[in-house]
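Chemist: The structure that follows is given in the form of structure tokens.
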Amino acid sequence: MQNNLIKKYNVPGPRYTSYPTVPYWDQQTMGVDDWLNSVNRSFEETNDQEGISLYVHLPYCESLCTFCACNKRITVNHAVEEPYIKAVLDEWRMYVDLFPAVPRIKEIHLGGGTPTFFSPQNLDKLIKGIVSLSERCEGAEFSFEGHPKNTTEEHLKALYNVGFNRVSVGVQDFDPVVQDMINRIQPYEMVEAVTTASREIGYDSLNFDLVYGLPFQTKLSIEDTFEKVMKLRPDRIAYYSYAHVPWHGAGQRKFSEKDLPADDEKRELYELGRDKLEKGGYHEIGMDHFALEDDTLYTAATAKKLHRNFMGYTANHTQLMIGLGVSSIGDTLYAFGQNVKTVEGYMEKVGEGHFPIFRGHVLSDDDLIVRKHITNIMCNYETSWDSTLDTQPVIRDGVLRLKELESDGLVVVGENGLTVPDAGKPFIRNISMALDARLWANVPETEVFSKTI
């Protein structure tokens, strides 16, 4: 039965790190001034109580990982580091000048690209420049994505010394055949060295990113990968479905769908990995994520305080997230704003003293309603509505679209809310899609999203 459902529901769909999703932003509703007004509104509402989050995009990589669809710039010229760091700090100063008070930082995440492309000295300069204009909240989490191939002990020490307490290591898969196909050669010993150094230096939490559905993955390769992962035992694991979007990530054209595990086979790889994780003491947290019981992600999930944003799942809730750097996306709750997507365009805008926002979306009342429920589903596997469906047409219509999922046993819908049973957890994106009013108002005619399962 489960295999039939996988075939039925394995359709293209969003991952819901935002609602509305980026392809459905109404860019006509927002200019730069609208974005800045929304930033100030959210800042004034929440800075004192919960602080703000920062996402800093560091786009450079020395080589192309062919599975990656992120915004990146491939170069071995490290002279690009200092001008880019200066631009990010200049952008941050513009926001600080905008704020009516000193920003209180609850979370910083360095993503990429490859953050550890940058030298330890330049990363130190970046973070000290940011925190010198702000205050750090109690319990703040600073994290970065580390490529095992170039994350040195010096990188780990430099970031730890400026307040970083979490590191996320991009493992993907330990199988040498898969690594060769995705151009990500990093033997077990390399990952082990980063893991050991992180713990000896004092990092509180270590995450591994793993991916299933990659070209030439097999049950044997997944079993071997998880045996090695269990030896290292990170605090949390993100076990992502490979998103095959060759129209968006040119490197993915190195292989085709015939090289990838098909529907049932791909799901079996996930189930195999999940079984290994559960037997190893990890708990499933939301979509794709697993954590040990002493990790803050597990604590937040059990207390129903898990939060989800463009950085994924986090134990820290902040209403305001500022995106710094090329292509970064910010979120005020009421609006989204994305920076210019080319390095040259970004640096030119900042150099001229302009905020580099080039598109965004102001959320309507219906958007805010749908966003709340999709976020609840993604974080808690349940949601409830405060009033009858008759007074919220956007939810009423979504509930009607859930009927088939309900008949298949994947969701339980009541008068005032819904819950997702264990059988429905693999289909959480499909359940969220049923409530996605903008998706149903304009079903895409071309490929936009990766498949849901």
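Order determines the names: the first chain of the structure tokens is A, the second B, and so forth; residues in each chain are numbered 1 upward, and ligands are numbered 1 upward as they are shown.
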Give me, as a tab-separated table, each residue of range 283-330 of chain A that comes within 10 Å of range 78-93 of chain A, together with its shortest interatomic pair and the distance in Å at one decimal, counting only C-alpha atoms, with rows ordered by chain and rising residue number.
Modeler:
```
residue	atom	partner	partner_atom	distance
A:Ile322	CA	A:Trp92	CA	9.0
A:Gly323	CA	A:Trp92	CA	9.3
A:Leu324	CA	A:Val88	CA	6.2
A:Gly325	CA	A:Val88	CA	5.6
A:Val326	CA	A:Val88	CA	8.7
```
Chemist: Write out the residues from the selection above, keeping N, CA and C atoms, as a PDB file, in the first residue's frame.
Modeler:
```pdb
ATOM      1  N   ILE A 322      17.351  38.728   9.149  1.00  0.00           N
ATOM      2  CA  ILE A 322      17.981  39.574   8.143  1.00  0.00           C
ATOM      3  C   ILE A 322      18.938  38.713   7.316  1.00  0.00           C
ATOM      4  N   GLY A 323      18.814  38.782   5.999  1.00  0.00           N
ATOM      5  CA  GLY A 323      19.735  38.094   5.117  1.00  0.00           C
ATOM      6  C   GLY A 323      20.802  39.043   4.623  1.00  0.00           C
ATOM      7  N   LEU A 324      22.064  38.688   4.816  1.00  0.00           N
ATOM      8  CA  LEU A 324      23.187  39.498   4.368  1.00  0.00           C
ATOM      9  C   LEU A 324      23.958  38.739   3.295  1.00  0.00           C
ATOM     10  N   GLY A 325      24.440  39.453   2.309  1.00  0.00           N
ATOM     11  CA  GLY A 325      25.218  38.819   1.260  1.00  0.00           C
ATOM     12  C   GLY A 325      24.401  38.555   0.014  1.00  0.00           C
ATOM     13  N   VAL A 326      25.099  38.170  -1.045  1.00  0.00           N
ATOM     14  CA  VAL A 326      24.470  37.944  -2.337  1.00  0.00           C
ATOM     15  C   VAL A 326      23.370  36.900  -2.228  1.00  0.00           C
TER      16      VAL A 326
END
```
Chemist: Can you list, as a list in words, every protein, DNA or RNA residue that comes within 10 Å of Glu44 in chain A when you count only C-alpha atoms, leaving out same-chain residues fewer than 3 positions away?
Modeler: Ser38, Val39, Asn40, Arg41, Asn47, Asp48, Gln49, Phe99, Pro100, Ala101 and Leu320 of chain A
Chemist: Set the distance at 7 Å and use only C-alpha atoms: which residues neighbour range 364-380 of chain A once local chain neighbours fewer than 2 positions away are removed? I'd like the list as a PyMOL selection string.
Modeler: chain A and resi 19-20+286-287+304+306-308+362+382-383+394+428+432+435-436
Chemist: Can you write out the residues you just picked, keeping N, CA and C atoms, as a PDB file, in the first residue's frame?
Modeler:
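Wrote result-v4.pdb, looks like this:
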```
ATOM      1  N   TYR A  19       6.423  30.624   3.237  1.00  0.00           N
ATOM      2  CA  TYR A  19       5.131  30.681   2.563  1.00  0.00           C
ATOM      3  C   TYR A  19       4.755  32.162   2.441  1.00  0.00           C
ATOM      4  N   PRO A  20       4.357  32.622   1.245  1.00  0.00           N
ATOM      5  CA  PRO A  20       4.377  31.893  -0.017  1.00  0.00           C
ATOM      6  C   PRO A  20       5.800  31.504  -0.433  1.00  0.00           C
ATOM      7  N   GLY A 286      10.431  16.949  12.746  1.00  0.00           N
ATOM      8  CA  GLY A 286       9.935  17.623  11.547  1.00  0.00           C
ATOM      9  C   GLY A 286      10.298  16.839  10.297  1.00  0.00           C
ATOM     10  N   MET A 287      10.556  17.541   9.219  1.00  0.00           N
ATOM     11  CA  MET A 287      10.860  16.922   7.934  1.00  0.00           C
ATOM     12  C   MET A 287      12.369  16.847   7.736  1.00  0.00           C
ATOM     13  N   LYS A 304       7.069  21.649  21.478  1.00  0.00           N
ATOM     14  CA  LYS A 304       6.337  22.288  20.376  1.00  0.00           C
ATOM     15  C   LYS A 304       6.769  23.752  20.212  1.00  0.00           C
ATOM     16  N   LEU A 306       9.557  24.282  18.088  1.00  0.00           N
ATOM     17  CA  LEU A 306      10.426  24.226  16.917  1.00  0.00           C
ATOM     18  C   LEU A 306      10.055  25.356  15.954  1.00  0.00           C
ATOM     19  N   HIS A 307      11.053  25.904  15.299  1.00  0.00           N
ATOM     20  CA  HIS A 307      10.829  27.009  14.347  1.00  0.00           C
ATOM     21  C   HIS A 307      11.443  26.615  13.011  1.00  0.00           C
ATOM     22  N   ARG A 308      10.857  27.109  11.930  1.00  0.00           N
ATOM     23  CA  ARG A 308      11.367  26.796  10.597  1.00  0.00           C
ATOM     24  C   ARG A 308      11.441  28.077   9.783  1.00  0.00           C
ATOM     25  N   VAL A 362       5.060  41.103   0.053  1.00  0.00           N
ATOM     26  CA  VAL A 362       4.331  41.512   1.247  1.00  0.00           C
ATOM     27  C   VAL A 362       3.174  40.541   1.437  1.00  0.00           C
ATOM     28  N   GLU A 382       0.823  19.059  13.308  1.00  0.00           N
ATOM     29  CA  GLU A 382      -0.555  19.374  13.646  1.00  0.00           C
ATOM     30  C   GLU A 382      -0.766  20.881  13.552  1.00  0.00           C
ATOM     31  N   THR A 383      -2.014  21.277  13.433  1.00  0.00           N
ATOM     32  CA  THR A 383      -2.355  22.690  13.501  1.00  0.00           C
ATOM     33  C   THR A 383      -3.820  22.809  13.867  1.00  0.00           C
ATOM     34  N   VAL A 394      -9.947  30.542   2.911  1.00  0.00           N
ATOM     35  CA  VAL A 394      -8.668  30.016   2.451  1.00  0.00           C
ATOM     36  C   VAL A 394      -8.356  28.672   3.119  1.00  0.00           C
ATOM     37  N   ILE A 428       4.416  14.926   4.280  1.00  0.00           N
ATOM     38  CA  ILE A 428       4.134  16.213   4.913  1.00  0.00           C
ATOM     39  C   ILE A 428       4.140  17.365   3.901  1.00  0.00           C
ATOM     40  N   SER A 432       0.947  19.885   3.196  1.00  0.00           N
ATOM     41  CA  SER A 432       1.098  21.349   3.172  1.00  0.00           C
ATOM     42  C   SER A 432       0.650  21.929   1.838  1.00  0.00           C
ATOM     43  N   LEU A 435      -2.970  22.972   1.442  1.00  0.00           N
ATOM     44  CA  LEU A 435      -3.360  24.260   2.029  1.00  0.00           C
ATOM     45  C   LEU A 435      -2.765  25.452   1.287  1.00  0.00           C
ATOM     46  N   ASP A 436      -1.906  25.204   0.337  1.00  0.00           N
ATOM     47  CA  ASP A 436      -1.166  26.249  -0.368  1.00  0.00           C
ATOM     48  C   ASP A 436      -2.064  26.931  -1.391  1.00  0.00           C
TER      49      ASP A 436
END
```
Chemist: For Gly345 in chain A, which residue out of A:Lys106, A:Ile357, A:His147, A:Pro120 is the nearest one, using only C-alpha atoms?
Modeler: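 Going through A:Lys106, A:Ile357, A:His147, A:Pro120 one by one, the smallest distance to Gly345 in chain A is for A:Ile357.
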Chemist: DSSP on the backbone: which residues in range 86-307 of chain A end up as strand (DSSP E)? Give the answer as an MDAnalysis selection string.
Modeler: chainID A and resid 104:112 135:146 166:172 205:212 236:241 283:285 289:291 307
Chemist: For Met190 in chain A, which residue among A:Ala335, A:Leu418, A:Val169, A:Ile6 is the nearest when counting only C-alpha atoms?
Modeler: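 Of A:Ala335, A:Leu418, A:Val169, A:Ile6, the one nearest Met190 in chain A is A:Val169, counting only C-alpha atoms.
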Chemist: Let me make sure I understand: among A:Glu153, A:Glu406, A:Glu271, A:Asp386, which one has the smallest atom-to-atom distance to Ala434 in chain A if we use only C-alpha atoms?
Modeler: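 Comparing A:Glu153, A:Glu406, A:Glu271, A:Asp386 against Ala434 in chain A, the winner is A:Glu406.
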Chemist: Got a sec: who's within 12 Å of Phe117 in chain A, counting only C-alpha atoms, leaving out chain neighbours fewer than 2 positions off, as a PyMOL selection string?
Modeler: chain A and resi 58-63+72-82+110-115+119-123+144-152+155
Chemist: Would you work out the distance separating CA of Ala437 in chain A from CA of Asn309 in chain A, expressed in Å to one decimal?
Modeler: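 That distance, rounded to one decimal, is 19.3 Å.
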Chemist: Considering only C-alpha atoms, return as a PyMOL selection string whatever protein or nucleic-acid residues lie within 10 Å of Phe427 in chain A, sequence-local ones (same chain, fewer than 4 positions apart) excluded.
Modeler: chain A and resi 5-6+9-10+287+405+410-411+420+422-423+431-433+452-453
Chemist: Residues at most 8 Å from range 177-179 of chain A, counting only C-alpha atoms, excluding those fewer than 3 positions away in the same chain, as a PyMOL selection string?
Modeler: chain A and resi 173-174+182-186+214-217
Chemist: Mind dumping the selected residues with C-alpha atoms as a JSON list (two decimals), in the first residue's frame?
Modeler:
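Generated output (out-v6.json):
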```
[["chain", "number", "residue", "atom", "x", "y", "z"],
["A", 173, "ASP", "CA", 27.51, 10.19, 1.44],
["A", 174, "PHE", "CA", 30.66, 8.19, 2.22],
["A", 182, "ILE", "CA", 28.85, 14.48, -7.25],
["A", 183, "ASN", "CA", 32.46, 15.76, -7.27],
["A", 184, "ARG", "CA", 32.67, 15.74, -3.49],
["A", 185, "ILE", "CA", 35.67, 13.59, -2.53],
["A", 186, "GLN", "CA", 36.01, 13.49, 1.26],
["A", 214, "LEU", "CA", 21.93, 10.75, -5.17],
["A", 215, "PRO", "CA", 23.22, 9.13, -8.38],
["A", 216, "PHE", "CA", 24.33, 5.50, -7.97],
["A", 217, "GLN", "CA", 23.33, 5.26, -4.32]]
```
Chemist: For a quick check of understanding, using only C-alpha atoms, which of A:Thr302, A:Thr218, A:Thr66, A:Asn165 has the smallest distance to Leu269 in chain A?
Modeler: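 Closest to Leu269 in chain A, using only C-alpha atoms: A:Thr218.
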Chemist: Taking 5 positions as the minimum chain separation for residues in the same chain, which residues sit within 9 Å of range 227-242 of chain A when counting only C-alpha atoms? Answer as a PyMOL selection string.
Modeler: chain A and resi 67+168+172+174+188+191-192+195-196+204-214+222+266+270+273-274+276-277+280+282+287-295+297-298+450-453
Chemist: What does the distance from CA of Lys349 in chain A to CA of Met321 in chain A come to in Å, to one decimal?
Modeler: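 Between these atoms lies a distance of 20.5 Å.
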Chemist: Run DSSP on the backbone and grab whatever in range 172-335 of chain A lands in alpha helix (DSSP H); send it over as a PyMOL selection string.
Modeler: chain A and resi 176-181+188-201+219-232+263-279+296-302
Chemist: To one decimal in Å, tell me the separation between CA of Arg396 in chain A and CA of Ser18 in chain A.
Modeler: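 CA of Ser18 in chain A lies at a distance of 21.1 Å from CA of Arg396 in chain A.
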